file final_12.txt (compact mmCIF, C-alpha atoms and all ligand atoms)
# COMPACT_ATOMS: atom_id res chain seq x y z
CA MET A 8 -6.77 -16.99 -24.50
CA CYS A 9 -8.38 -14.59 -26.91
CA GLU A 10 -6.15 -12.06 -28.63
CA ALA A 11 -7.04 -8.44 -28.23
CA ARG A 12 -5.68 -5.42 -30.10
CA GLY A 13 -2.01 -5.18 -31.05
CA GLY A 14 -1.16 -8.74 -30.07
CA VAL A 15 -1.83 -8.02 -26.40
CA SER A 16 -3.77 -10.90 -24.90
CA ALA A 17 -6.79 -10.18 -22.75
CA ARG A 18 -4.77 -11.34 -19.77
CA GLU A 19 -1.79 -9.15 -20.59
CA ALA A 20 -4.22 -6.25 -20.64
CA LEU A 21 -4.89 -7.11 -16.99
CA GLY A 22 -1.21 -6.92 -16.10
CA TRP A 23 -0.23 -10.54 -16.73
CA THR A 24 3.54 -11.05 -17.10
CA THR A 25 5.99 -13.94 -17.44
CA TRP A 26 6.36 -13.88 -13.63
CA PHE A 27 2.75 -15.03 -13.23
CA ALA A 28 2.94 -17.33 -16.26
CA GLU A 29 5.83 -19.18 -14.64
CA ALA A 30 4.12 -19.29 -11.26
CA SER A 31 0.95 -20.79 -12.75
CA VAL A 32 2.42 -23.44 -15.07
CA GLU A 33 1.38 -26.34 -12.82
CA TYR A 34 -2.13 -25.02 -12.26
CA GLU A 35 -2.72 -24.36 -15.92
CA ALA A 36 -1.48 -27.87 -16.75
CA GLN A 37 -4.35 -29.08 -14.56
CA GLY A 38 -6.73 -26.98 -16.61
CA LEU A 39 -7.43 -24.55 -13.78
CA GLU A 40 -8.46 -21.01 -14.56
CA VAL A 41 -6.43 -18.00 -13.44
CA GLY A 42 -7.64 -14.43 -13.01
CA ARG A 43 -7.00 -11.12 -11.31
CA VAL A 44 -8.95 -9.86 -8.32
CA ALA A 45 -10.77 -6.65 -9.19
CA VAL A 46 -13.00 -6.21 -6.13
CA GLN A 47 -12.85 -7.57 -2.61
CA HIS A 48 -15.99 -8.47 -0.67
CA ARG A 49 -16.47 -10.22 2.66
CA GLY A 50 -15.31 -13.78 2.02
CA ALA A 51 -15.55 -13.40 -1.75
CA VAL A 52 -13.77 -11.66 -4.60
CA ASP A 53 -14.66 -10.60 -8.13
CA VAL A 54 -12.11 -12.05 -10.53
CA LEU A 55 -11.34 -10.97 -14.10
CA THR A 56 -10.04 -13.80 -16.26
CA GLY A 57 -9.77 -11.79 -19.45
CA GLU A 58 -12.79 -13.58 -20.82
CA ARG A 59 -15.28 -13.15 -18.03
CA GLU A 60 -15.83 -11.73 -14.57
CA VAL A 61 -16.77 -14.15 -11.80
CA ARG A 62 -17.53 -13.81 -8.12
CA VAL A 63 -15.83 -16.61 -6.21
CA GLN A 64 -15.49 -17.59 -2.56
CA GLY A 65 -12.20 -16.92 -0.87
CA VAL A 66 -9.97 -14.27 0.55
CA ALA A 67 -7.44 -12.45 -1.59
CA ALA A 68 -6.36 -8.86 -2.10
CA VAL A 69 -7.28 -6.58 -4.97
CA GLY A 70 -4.62 -6.98 -7.64
CA ASP A 71 -3.86 -10.58 -6.68
CA TRP A 72 -3.64 -13.20 -9.40
CA VAL A 73 -5.58 -16.20 -8.17
CA VAL A 74 -6.13 -19.78 -9.29
CA LEU A 75 -9.79 -20.83 -9.35
CA ASP A 76 -10.86 -24.32 -8.40
CA PRO A 77 -13.57 -25.96 -10.53
CA ARG A 78 -16.28 -25.19 -7.94
CA GLY A 79 -15.57 -21.49 -8.19
CA ALA A 80 -13.40 -20.72 -5.18
CA VAL A 81 -9.91 -19.36 -4.77
CA GLN A 82 -7.58 -22.36 -4.70
CA ALA A 83 -4.29 -20.46 -4.59
CA ILE A 84 -2.85 -16.97 -4.73
CA LEU A 85 0.10 -16.61 -7.11
CA PRO A 86 3.28 -15.16 -5.57
CA ARG A 87 3.08 -11.38 -5.43
CA THR A 88 5.58 -9.02 -7.04
CA SER A 89 4.66 -6.38 -4.46
CA ALA A 90 2.05 -5.69 -1.81
CA PHE A 91 1.02 -2.50 -0.06
CA SER A 92 0.05 -3.58 3.42
CA ARG A 93 -1.05 -2.21 6.76
CA LEU A 94 -1.48 -3.63 10.21
CA SER A 95 -4.94 -5.18 10.27
CA VAL A 96 -7.65 -2.99 11.76
CA SER A 97 -9.13 -6.15 13.35
CA GLY A 98 -6.92 -5.65 16.40
CA ARG A 99 -5.07 -8.88 15.64
CA THR A 100 -1.39 -8.79 14.77
CA GLU A 101 -1.93 -9.54 11.11
CA GLU A 102 -0.94 -8.14 7.76
CA GLN A 103 -3.76 -6.68 5.71
CA VAL A 104 -2.86 -6.39 2.05
CA VAL A 105 -4.48 -3.31 0.56
CA ALA A 106 -3.24 -3.75 -3.02
CA ALA A 107 -1.14 -6.48 -4.60
CA ASN A 108 1.11 -6.69 -7.66
CA VAL A 109 1.44 -2.96 -8.02
CA ASP A 110 4.22 -1.20 -9.97
CA SER A 111 3.80 2.26 -8.45
CA VAL A 112 1.99 3.45 -5.36
CA LEU A 113 0.62 6.96 -5.69
CA LEU A 114 0.48 8.59 -2.26
CA LEU A 115 -2.11 11.36 -2.37
CA GLN A 116 -2.51 14.44 -0.23
CA SER A 117 -4.57 17.44 -1.24
CA PHE A 118 -3.27 21.01 -1.25
CA GLY A 119 -4.17 23.09 1.76
CA PRO A 120 -4.69 21.86 5.32
CA ASP A 121 -4.42 18.20 4.28
CA ILE A 122 -0.70 18.68 3.50
CA ASN A 123 1.01 16.75 6.25
CA PRO A 124 4.70 15.74 6.04
CA ARG A 125 4.37 13.48 9.12
CA ARG A 126 1.51 11.50 7.58
CA LEU A 127 3.45 11.25 4.33
CA GLU A 128 6.43 9.71 6.14
CA ARG A 129 4.13 6.96 7.39
CA TYR A 130 2.75 6.31 3.90
CA LEU A 131 6.27 6.38 2.44
CA ALA A 132 7.40 3.73 4.92
CA ALA A 133 4.49 1.50 3.89
CA ALA A 134 5.26 2.20 0.22
CA TRP A 135 8.95 1.29 0.57
CA GLN A 136 7.90 -1.88 2.35
CA SER A 137 5.56 -2.77 -0.52
CA GLY A 138 8.27 -3.30 -3.10
CA ALA A 139 6.49 -0.95 -5.52
CA ALA A 140 7.86 2.48 -6.45
CA PRO A 141 6.48 5.33 -4.35
CA VAL A 142 5.23 8.51 -6.03
CA VAL A 143 3.74 11.51 -4.22
CA VAL A 144 0.73 13.21 -5.82
CA LEU A 145 -0.61 16.49 -4.45
CA THR A 146 -4.20 16.92 -5.57
CA LYS A 147 -6.73 19.77 -5.95
CA LEU A 148 -4.09 22.10 -7.37
CA ASP A 149 -6.95 24.37 -8.49
CA LEU A 150 -7.70 25.06 -4.80
CA ALA A 151 -4.09 25.61 -3.73
CA GLU A 152 -3.34 28.96 -2.15
CA THR A 153 0.37 28.45 -1.62
CA PRO A 154 1.23 25.64 -4.05
CA ALA A 155 4.97 26.31 -4.21
CA GLU A 156 5.34 26.31 -0.42
CA ASP A 157 3.22 23.18 -0.05
CA VAL A 158 5.28 21.36 -2.68
CA GLU A 159 8.49 22.44 -0.95
CA ARG A 160 7.34 21.17 2.46
CA ILE A 161 6.50 17.82 0.92
CA GLU A 162 9.67 17.58 -1.16
CA GLU A 163 11.70 18.00 2.03
CA VAL A 164 10.41 14.68 3.34
CA ALA A 165 9.96 12.95 -0.02
CA LEU A 166 13.75 13.07 -0.60
CA ASP A 167 14.28 11.39 -4.00
CA VAL A 168 10.67 10.30 -4.42
CA PRO A 169 9.00 12.28 -7.24
CA VAL A 170 6.32 14.80 -6.25
CA HIS A 171 3.60 15.82 -8.71
CA ALA A 172 0.94 18.51 -8.39
CA VAL A 173 -2.34 17.84 -10.19
CA SER A 174 -5.94 18.91 -10.44
CA ALA A 175 -8.53 16.39 -11.49
CA LEU A 176 -10.91 19.29 -11.93
CA SER A 177 -8.89 21.46 -14.34
CA GLY A 178 -6.69 18.66 -15.64
CA GLU A 179 -3.58 20.63 -14.78
CA GLY A 180 -0.51 18.46 -14.16
CA LEU A 181 -2.21 15.19 -15.08
CA GLU A 182 0.29 14.50 -17.88
CA SER A 183 3.00 14.19 -15.20
CA LEU A 184 1.38 10.89 -14.22
CA ASP A 185 1.75 9.39 -17.73
CA PRO A 186 5.10 7.68 -17.00
CA TYR A 187 3.38 5.52 -14.36
CA LEU A 188 0.49 4.60 -16.60
CA ALA A 189 2.16 2.49 -19.30
CA PRO A 190 -0.03 -0.27 -20.79
CA GLY A 191 -0.16 -3.32 -18.52
CA SER A 192 1.28 -1.52 -15.49
CA THR A 193 -0.61 -1.23 -12.25
CA VAL A 194 -0.80 1.77 -9.94
CA ALA A 195 -2.53 1.97 -6.57
CA LEU A 196 -3.97 5.19 -5.17
CA LEU A 197 -3.57 5.68 -1.44
CA GLY A 198 -4.40 8.48 0.91
CA SER A 199 -6.93 9.81 3.36
CA SER A 200 -10.59 9.93 2.52
CA GLY A 201 -11.55 12.96 0.48
CA VAL A 202 -8.16 13.66 -1.11
CA GLY A 203 -9.62 12.94 -4.54
CA LYS A 204 -8.58 9.39 -5.34
CA SER A 205 -11.82 8.33 -7.00
CA THR A 206 -12.18 11.66 -8.79
CA LEU A 207 -8.68 11.21 -10.21
CA VAL A 208 -9.47 7.71 -11.42
CA ASN A 209 -12.67 8.93 -13.05
CA ARG A 210 -10.74 11.72 -14.76
CA LEU A 211 -8.13 9.27 -16.06
CA LEU A 212 -10.94 6.98 -17.19
CA GLY A 213 -12.77 9.79 -18.88
CA ALA A 214 -15.96 8.55 -17.25
CA ASP A 215 -17.66 8.75 -13.87
CA LEU A 216 -17.34 5.08 -13.08
CA LEU A 217 -16.39 5.38 -9.42
CA ARG A 218 -18.51 7.08 -6.83
CA THR A 219 -16.96 10.19 -5.38
CA GLY A 220 -17.84 12.26 -2.38
CA SER A 221 -19.80 15.38 -3.18
CA LEU A 222 -18.83 18.25 -0.94
CA ARG A 223 -20.68 18.43 2.34
CA ASP A 224 -21.66 21.72 3.83
CA ASP A 225 -18.53 21.67 5.96
CA GLY A 226 -16.47 21.39 2.78
CA LYS A 227 -15.11 17.95 3.57
CA GLY A 228 -15.35 15.04 1.17
CA ARG A 229 -17.76 12.25 2.08
CA HIS A 230 -16.61 8.69 2.61
CA THR A 231 -17.94 7.01 -0.45
CA THR A 232 -15.47 4.44 -1.72
CA VAL A 233 -16.44 1.27 0.09
CA ASN A 234 -14.52 -1.29 -1.91
CA ARG A 235 -11.03 -1.48 -3.17
CA GLU A 236 -11.34 -1.85 -6.89
CA LEU A 237 -9.18 -2.36 -9.93
CA VAL A 238 -10.15 -0.69 -13.20
CA SER A 239 -8.43 -0.54 -16.58
CA LEU A 240 -7.77 2.83 -18.13
CA PRO A 241 -8.27 3.53 -21.85
CA GLY A 242 -4.48 3.86 -22.20
CA GLY A 243 -3.95 0.31 -20.96
CA ALA A 244 -2.83 0.86 -17.37
CA LEU A 245 -4.62 -0.62 -14.36
CA VAL A 246 -5.56 1.49 -11.39
CA ILE A 247 -6.49 0.33 -7.91
CA ASP A 248 -8.68 2.77 -6.02
CA THR A 249 -8.85 2.27 -2.28
CA PRO A 250 -11.22 3.50 0.38
CA GLY A 251 -9.77 6.28 2.48
CA MET A 252 -7.96 5.18 5.59
CA ARG A 253 -8.48 7.01 8.84
CA GLU A 254 -5.09 5.93 9.99
CA LEU A 255 -2.42 3.76 8.53
CA GLN A 256 -0.81 1.50 11.12
CA LEU A 257 2.43 0.20 9.72
CA TRP A 258 3.17 -3.36 8.76
CA ALA A 259 6.80 -2.84 7.89
CA GLY A 260 10.39 -3.52 8.86
CA GLU A 261 13.47 -1.48 9.65
CA GLU A 262 14.68 -1.38 6.07
CA ALA A 263 11.56 0.44 4.89
CA LEU A 264 12.10 3.03 7.62
CA GLU A 265 15.72 3.51 6.61
CA LYS A 266 14.68 4.19 3.03
CA THR A 267 12.02 6.64 4.16
CA PHE A 268 14.54 8.41 6.38
CA ALA A 269 17.63 7.98 4.22
CA ASP A 270 18.84 11.41 5.40
CA VAL A 271 18.70 10.35 9.06
CA ALA A 272 20.21 6.95 8.26
CA SER A 273 23.23 8.52 6.59
CA LEU A 274 23.78 10.80 9.59
CA VAL A 275 23.58 7.80 11.91
CA ALA A 276 26.27 6.14 9.80
CA GLU A 277 28.55 9.12 10.46
CA CYS A 278 28.32 8.94 14.26
CA ALA A 279 31.66 8.14 15.89
CA PHE A 280 30.22 5.15 17.73
CA ALA A 281 28.47 2.41 15.76
CA ASP A 282 25.98 1.95 18.61
CA CYS A 283 25.50 5.69 19.19
CA GLY A 284 22.29 6.44 21.08
CA HIS A 285 22.40 10.08 19.87
CA GLU A 286 22.07 11.28 23.44
CA THR A 287 25.39 12.10 25.09
CA GLU A 288 28.01 10.33 22.98
CA PRO A 289 30.83 12.42 21.56
CA GLY A 290 31.06 12.68 17.76
CA CYS A 291 27.32 12.25 17.25
CA ALA A 292 26.43 13.37 13.72
CA VAL A 293 22.70 13.31 14.47
CA ARG A 294 22.95 15.75 17.38
CA ALA A 295 25.27 17.96 15.33
CA ALA A 296 22.75 18.03 12.47
CA LEU A 297 19.91 18.83 14.89
CA ALA A 298 21.95 21.65 16.42
CA SER A 299 22.84 23.16 13.04
CA GLY A 300 19.27 22.86 11.79
CA GLU A 301 20.34 20.56 8.96
CA LEU A 302 17.96 17.96 10.42
CA ALA A 303 14.59 19.27 11.58
CA THR A 304 13.66 18.27 15.12
CA ALA A 305 10.12 17.34 14.06
CA ARG A 306 11.46 14.98 11.42
CA TYR A 307 13.89 13.33 13.81
CA GLU A 308 11.13 12.89 16.41
CA SER A 309 8.90 11.40 13.75
CA PHE A 310 11.67 8.95 12.83
CA ARG A 311 12.07 7.92 16.48
CA ALA A 312 8.31 7.51 16.93
CA LEU A 313 8.00 5.30 13.85
CA GLN A 314 11.05 3.35 14.98
CA ARG A 315 9.33 2.67 18.33
CA GLU A 316 6.11 1.73 16.54
CA LEU A 317 7.95 -0.80 14.37
CA ALA A 318 9.84 -2.21 17.36
CA GLY A 319 6.49 -2.69 19.10
CA LEU A 320 5.13 -4.40 16.01
CA ALA A 321 8.14 -6.72 15.81
CA ALA A 322 7.65 -7.69 19.47
CA ARG A 323 3.95 -8.41 18.89
CA ARG A 324 4.78 -10.49 15.82
CA ASP A 325 7.35 -12.50 17.79
CA ALA A 326 4.92 -13.09 20.65
CA LYS A 327 2.23 -14.17 18.21
CA ALA A 328 4.62 -16.55 16.45
CA VAL A 329 5.43 -18.21 19.78
CA ALA A 330 1.74 -18.49 20.71
CA ASP A 331 0.84 -19.88 17.27
CA GLU A 332 3.61 -22.44 17.50
CA ARG A 333 2.48 -23.57 20.96
CA ARG A 334 -1.13 -23.85 19.79
CA SER A 335 -0.24 -25.98 16.77
CA ARG A 336 1.92 -28.32 18.89
CA ARG A 337 -0.95 -28.77 21.33
CA ARG A 338 -3.30 -29.54 18.45
CA ALA A 339 -0.85 -32.12 17.07
CA ASP A 340 -0.57 -33.73 20.52
CA ARG A 341 -4.35 -33.98 20.76
CA ARG A 342 -4.53 -35.60 17.33
CA ARG A 343 -2.09 -38.25 18.50
CA GLY A 344 -4.32 -38.83 21.52
CA ARG A 345 -1.70 -37.73 24.00
CA PRO A 346 -2.23 -35.37 26.84
CA SER A 347 -0.49 -32.17 25.94
CA GLU A 348 3.06 -31.70 27.12
CA HIS A 349 2.96 -28.13 26.01
CA GLY A 350 0.80 -26.54 28.63
N1 LIG A 401 -11.59 21.44 -6.48
C1 LIG A 401 -11.30 20.16 -6.61
N2 LIG A 401 -12.04 19.25 -5.97
C2 LIG A 401 -11.73 17.94 -6.12
C3 LIG A 401 -10.63 17.52 -6.92
N3 LIG A 401 -10.56 16.18 -6.86
C4 LIG A 401 -11.54 15.79 -6.04
N4 LIG A 401 -12.26 16.84 -5.59
C5 LIG A 401 -13.42 16.81 -4.67
O1 LIG A 401 -13.03 16.24 -3.42
C6 LIG A 401 -14.09 15.44 -2.89
C7 LIG A 401 -13.59 14.04 -2.54
O2 LIG A 401 -13.21 13.40 -3.74
P1 LIG A 401 -13.13 11.82 -3.86
O3 LIG A 401 -12.60 11.52 -5.21
O4 LIG A 401 -14.41 11.18 -3.48
O5 LIG A 401 -12.04 11.48 -2.75
P2 LIG A 401 -11.54 10.03 -2.25
O6 LIG A 401 -12.21 9.80 -0.94
O7 LIG A 401 -10.06 10.19 -2.08
O8 LIG A 401 -11.91 9.04 -3.29
C8 LIG A 401 -15.19 15.48 -3.95
O9 LIG A 401 -16.12 16.44 -3.58
C9 LIG A 401 -14.47 15.87 -5.21
O10 LIG A 401 -15.32 16.54 -6.12
C10 LIG A 401 -9.87 18.54 -7.61
O11 LIG A 401 -8.88 18.29 -8.33
N5 LIG A 401 -10.25 19.84 -7.41
MG MG A 402 -12.97 7.31 -3.14
ZN ZN A 403 24.70 9.66 17.12

call {"tool": "encode", "arguments": {"input": "final_12.txt", "output": "structure tokens", "more": "lines below"}}
Ligand SMILES: Nc1nc2c(ncn2[C@@H]2O[C@H](COP(=O)(O)OP(=O)(O)O)[C@@H](O)[C@H]2O)c(=O)[nH]1
Ligand SMILES: [Mg+2]
Ligand SMILES: [Zn+2]
result
Amino acid sequence: MCEARGGVSAREALGWTTWFAEASVEYEAQGLEVGRVAVQHRGAVDVLTGEREVRVQGVAAVGDWVVLDPRGAVQAILPRTSAFSRLSVSGRTEEQVVAANVDSVLLLQSFGPDINPRRLERYLAAAWQSGAAPVVVLTKLDLAETPAEDVERIEEVALDVPVHAVSALSGEGLESLDPYLAPGSTVALLGSSGVGKSTLVNRLLGADLLRTGSLRDDGKGRHTTVNRELVSLPGGALVIDTPGMRELQLWAGEEALEKTFADVASLVAECAFADCGHETEPGCAVRAALASGELATARYESFRALQRELAGLAARRDAKAVADERRSRRRADRRRGRPSEHG
């Protein structure tokens, strides 16, 4: 491995840590090359090894560390430290990893009509599920008409998650992102199309590397980012830009929801009955908080809706697991030349 400035190896500059070194010992002993996925294509990925960039066959997420086989294909994906995922848009009950091995996930909304606490709750749930630290970034501060009120509305649902207001145009507030951009750390930018993800990356890069949407006549950003891509900033951090998502269907569990709604969860814990349905039971802390206005009705309804969504997801995952199991048993029976006993 070639040494770059300050004793940081070319691989460390890509976010390599002892976690990945330990996970790849066996592969490296076989002389196999390891690299980090920078861009995802259909059935192929662009991999940075620190010495070169290669396009190889295989499926992996941006940010993944992968082992390359000698023919130039992905042989293995090293265990992830974190992964921001969504329910696949294919219609199948599958996880789609949007960004892997990320330290912080920056959840972007732009000031003005894009400010949406309900959408943020959804992104926060996905962020808590990822294992990376969530951070909220409100963009286009230069266009904000009521910045203080917008920040307040968002802080109400962000709870202890930090909220930063920035403008990629004027540069205002950008220094507040410095703590997440330490050398070797990876941040992923997530949010609807047009919130200014690519513009922010370009600003941090100090160069117009990523395509951004020029304003259309209707004032909305165009959908321009087609690939998820990982770029290194001059300061040594790695940033994953993602294409805007029209909607984020959750791939998450109950724990992520409880972190997102820690305020609701602590009320639930105060209910007199452990299995309180928050409907008619006496001593219900949730109903009391709704009545006093301590808990906003819209937030509680949002919590219930996401809870139902995740319960539906869990049921679909269970059903799929059963179907998969039955299919693989049938295949094994066929291999043994026996008529299937499993329907
Ligand atoms: N006024 C203003 N416009 C911005 C800012 N950041 C991005 N934009 C504009 O918003 C549009 C969408 O930006 P883009 O970076 O492509 O959004 P993305 O889809 O999230 O990557 C473009 O026209 C940008 O010029 C900002 O801080 N201030
Ligand atoms: Mg973009
Ligand atoms: Zn209750």

call {"tool": "closest_residue", "arguments": {"input": "final_12.txt", "among": "A:Glu261, A:Asp325, A:Asp270, A:Asp76", "to": "A:Val164", "atoms": "only C-alpha atoms"}}
result
A:Asp270

call {"tool": "residues_around", "arguments": {"input": "final_12.txt", "residues": "A:Glu19", "least_positions_apart": "4", "cutoff": "9 Å", "atoms": "all atoms listed in the file", "output": "list of chain:residue names"}}
result
A:Val15, A:Trp23, A:Thr24, A:Gly57, A:Gly191

call {"tool": "closest_residue", "arguments": {"input": "final_12.txt", "among": "A:Ser117, A:Gln136, A:Ser111, A:Ser183", "to": "A:Pro154", "atoms": "only C-alpha atoms"}}
result
A:Ser117

call {"tool": "residues_around", "arguments": {"input": "final_12.txt", "residues": "A:Arg49", "least_positions_apart": "2", "cutoff": "9 Å", "atoms": "all atoms listed in the file", "output": "PyMOL selection string"}}
result
chain A and resi 47+51-52+65-66

call {"tool": "residues_near_ligand", "arguments": {"input": "final_12.txt", "ligand": "ligand ZN 403 (chain A)", "cutoff": "7 Å", "atoms": "all atoms listed in the file", "output": "mmCIF file with C-alpha atoms, in the coordinates of the input"}}
result
data_model
loop_
_atom_site.group_PDB
_atom_site.id
_atom_site.type_symbol
_atom_site.label_atom_id
_atom_site.label_comp_id
_atom_site.auth_asym_id
_atom_site.auth_seq_id
_atom_site.Cartn_x
_atom_site.Cartn_y
_atom_site.Cartn_z
ATOM 1 C CA VAL A 275 23.580 7.800 11.910
ATOM 2 C CA CYS A 278 28.320 8.940 14.260
ATOM 3 C CA CYS A 283 25.500 5.690 19.190
ATOM 4 C CA GLY A 284 22.290 6.440 21.080
ATOM 5 C CA HIS A 285 22.400 10.080 19.870
ATOM 6 C CA GLU A 288 28.010 10.330 22.980
ATOM 7 C CA CYS A 291 27.320 12.250 17.250
ATOM 8 C CA ALA A 292 26.430 13.370 13.720
ATOM 9 C CA VAL A 293 22.700 13.310 14.470
ATOM 10 C CA ARG A 294 22.950 15.750 17.380
#

call {"tool": "closest_residue", "arguments": {"input": "final_12.txt", "among": "A:Lys266, A:Arg323, A:His48, A:Arg336", "to": "A:Trp135", "atoms": "only C-alpha atoms"}}
result
A:Lys266

call {"tool": "closest_residue", "arguments": {"input": "final_12.txt", "among": "A:Leu131, A:Val41, A:Ala295, A:Val271", "to": "A:Gly79", "atoms": "all atoms listed in the file"}}
result
A:Val41

call {"tool": "atom_distance", "arguments": {"input": "final_12.txt", "atom1": "atom CA of A:Gly119", "atom2": "atom O5 of ligand LIG 401 (chain A)"}}
result
14.7 Å

call {"tool": "atom_distance", "arguments": {"input": "final_12.txt", "atom1": "atom CA of A:Thr56", "atom2": "atom CA of A:Arg93"}}
result
27.3 Å

call {"tool": "residues_around", "arguments": {"input": "final_12.txt", "residues": "A:Val104", "least_positions_apart": "4", "cutoff": "10 Å", "atoms": "only C-alpha atoms", "output": "list in words"}}
result
Ala67, Ala68, Val69, Gly70, Asp71, Ser89, Ala90, Phe91, Ser92, Arg93, Leu94, Ser95, Ser137 and Trp258 of chain A

call {"tool": "closest_residue", "arguments": {"input": "final_12.txt", "among": "A:Ala172, A:Leu166, A:Leu237, A:Val329", "to": "A:Val54", "atoms": "all atoms listed in the file"}}
result
A:Leu237

call {"tool": "closest_residue", "arguments": {"input": "final_12.txt", "among": "A:Thr304, A:Ser199, A:Gln103, A:Ser335", "to": "ligand MG 402 (chain A)", "atoms": "only C-alpha atoms and all ligand atoms"}}
result
A:Ser199

call {"tool": "atom_distance", "arguments": {"input": "final_12.txt", "atom1": "atom CA of A:Val238", "atom2": "atom CA of A:Gln256"}}
result
26.1 Å

call {"tool": "residues_around", "arguments": {"input": "final_12.txt", "residues": "stretch 33-39 of chain A", "least_positions_apart": "6", "cutoff": "10 Å", "atoms": "all atoms listed in the file", "output": "list in words"}}
result
Val74, Leu75, Asp76, Pro77, Gln82 and Ala83 of chain A

call {"tool": "axis_aligned_box", "arguments": {"input": "final_12.txt", "around": "stretch 250-254 of chain A", "padding_each_side": "3 Å", "output": "JSON"}}
result
{"center_x": -8.2, "center_y": 5.3, "center_z": 5.2, "size_x": 12.1, "size_y": 9.5, "size_z": 15.6}

call {"tool": "residues_around", "arguments": {"input": "final_12.txt", "residues": "A:Arg129", "least_positions_apart": "6", "cutoff": "8 Å", "atoms": "all atoms listed in the file", "output": "list in words"}}
result
Leu255, Leu257 and Leu313 of chain A

call {"tool": "decode", "arguments": {"input": "final_12.txt", "residues": "stretch 196-201 of chain A", "atoms": "all heavy atoms", "output": "short mmCIF file (atom, residue, chain, number, x, y, z; two decimals), in the first residue's frame"}}
result
data_model
loop_
_atom_site.label_atom_id
_atom_site.label_comp_id
_atom_site.auth_asym_id
_atom_site.auth_seq_id
_atom_site.Cartn_x
_atom_site.Cartn_y
_atom_site.Cartn_z
N LEU A 196 -25.45 11.91 2.46
CA LEU A 196 -26.46 12.96 2.33
C LEU A 196 -27.76 12.36 1.83
O LEU A 196 -27.77 11.72 0.78
CB LEU A 196 -25.97 14.03 1.35
CG LEU A 196 -25.19 15.21 1.93
CD1 LEU A 196 -24.04 14.72 2.78
CD2 LEU A 196 -24.68 16.11 0.83
N LEU A 197 -28.84 12.58 2.60
CA LEU A 197 -30.12 12.00 2.22
C LEU A 197 -31.21 13.05 2.26
O LEU A 197 -31.17 13.95 3.10
CB LEU A 197 -30.46 10.86 3.19
CG LEU A 197 -29.47 9.71 3.05
CD1 LEU A 197 -29.11 9.12 4.37
CD2 LEU A 197 -30.01 8.67 2.10
N GLY A 198 -32.15 12.91 1.38
CA GLY A 198 -33.26 13.86 1.36
C GLY A 198 -33.89 13.90 -0.01
O GLY A 198 -33.34 13.37 -0.98
N SER A 199 -35.03 14.55 -0.08
CA SER A 199 -35.77 14.60 -1.34
C SER A 199 -34.94 15.26 -2.43
O SER A 199 -34.00 16.01 -2.16
CB SER A 199 -37.05 15.41 -1.16
OG SER A 199 -37.77 14.95 -0.06
N SER A 200 -35.34 15.00 -3.64
CA SER A 200 -34.69 15.60 -4.79
C SER A 200 -34.84 17.12 -4.73
O SER A 200 -35.90 17.62 -4.38
CB SER A 200 -35.34 15.05 -6.05
OG SER A 200 -34.53 15.31 -7.14
N GLY A 201 -33.78 17.83 -5.02
CA GLY A 201 -33.86 19.28 -5.09
C GLY A 201 -33.56 20.00 -3.79
O GLY A 201 -33.56 21.23 -3.75
#
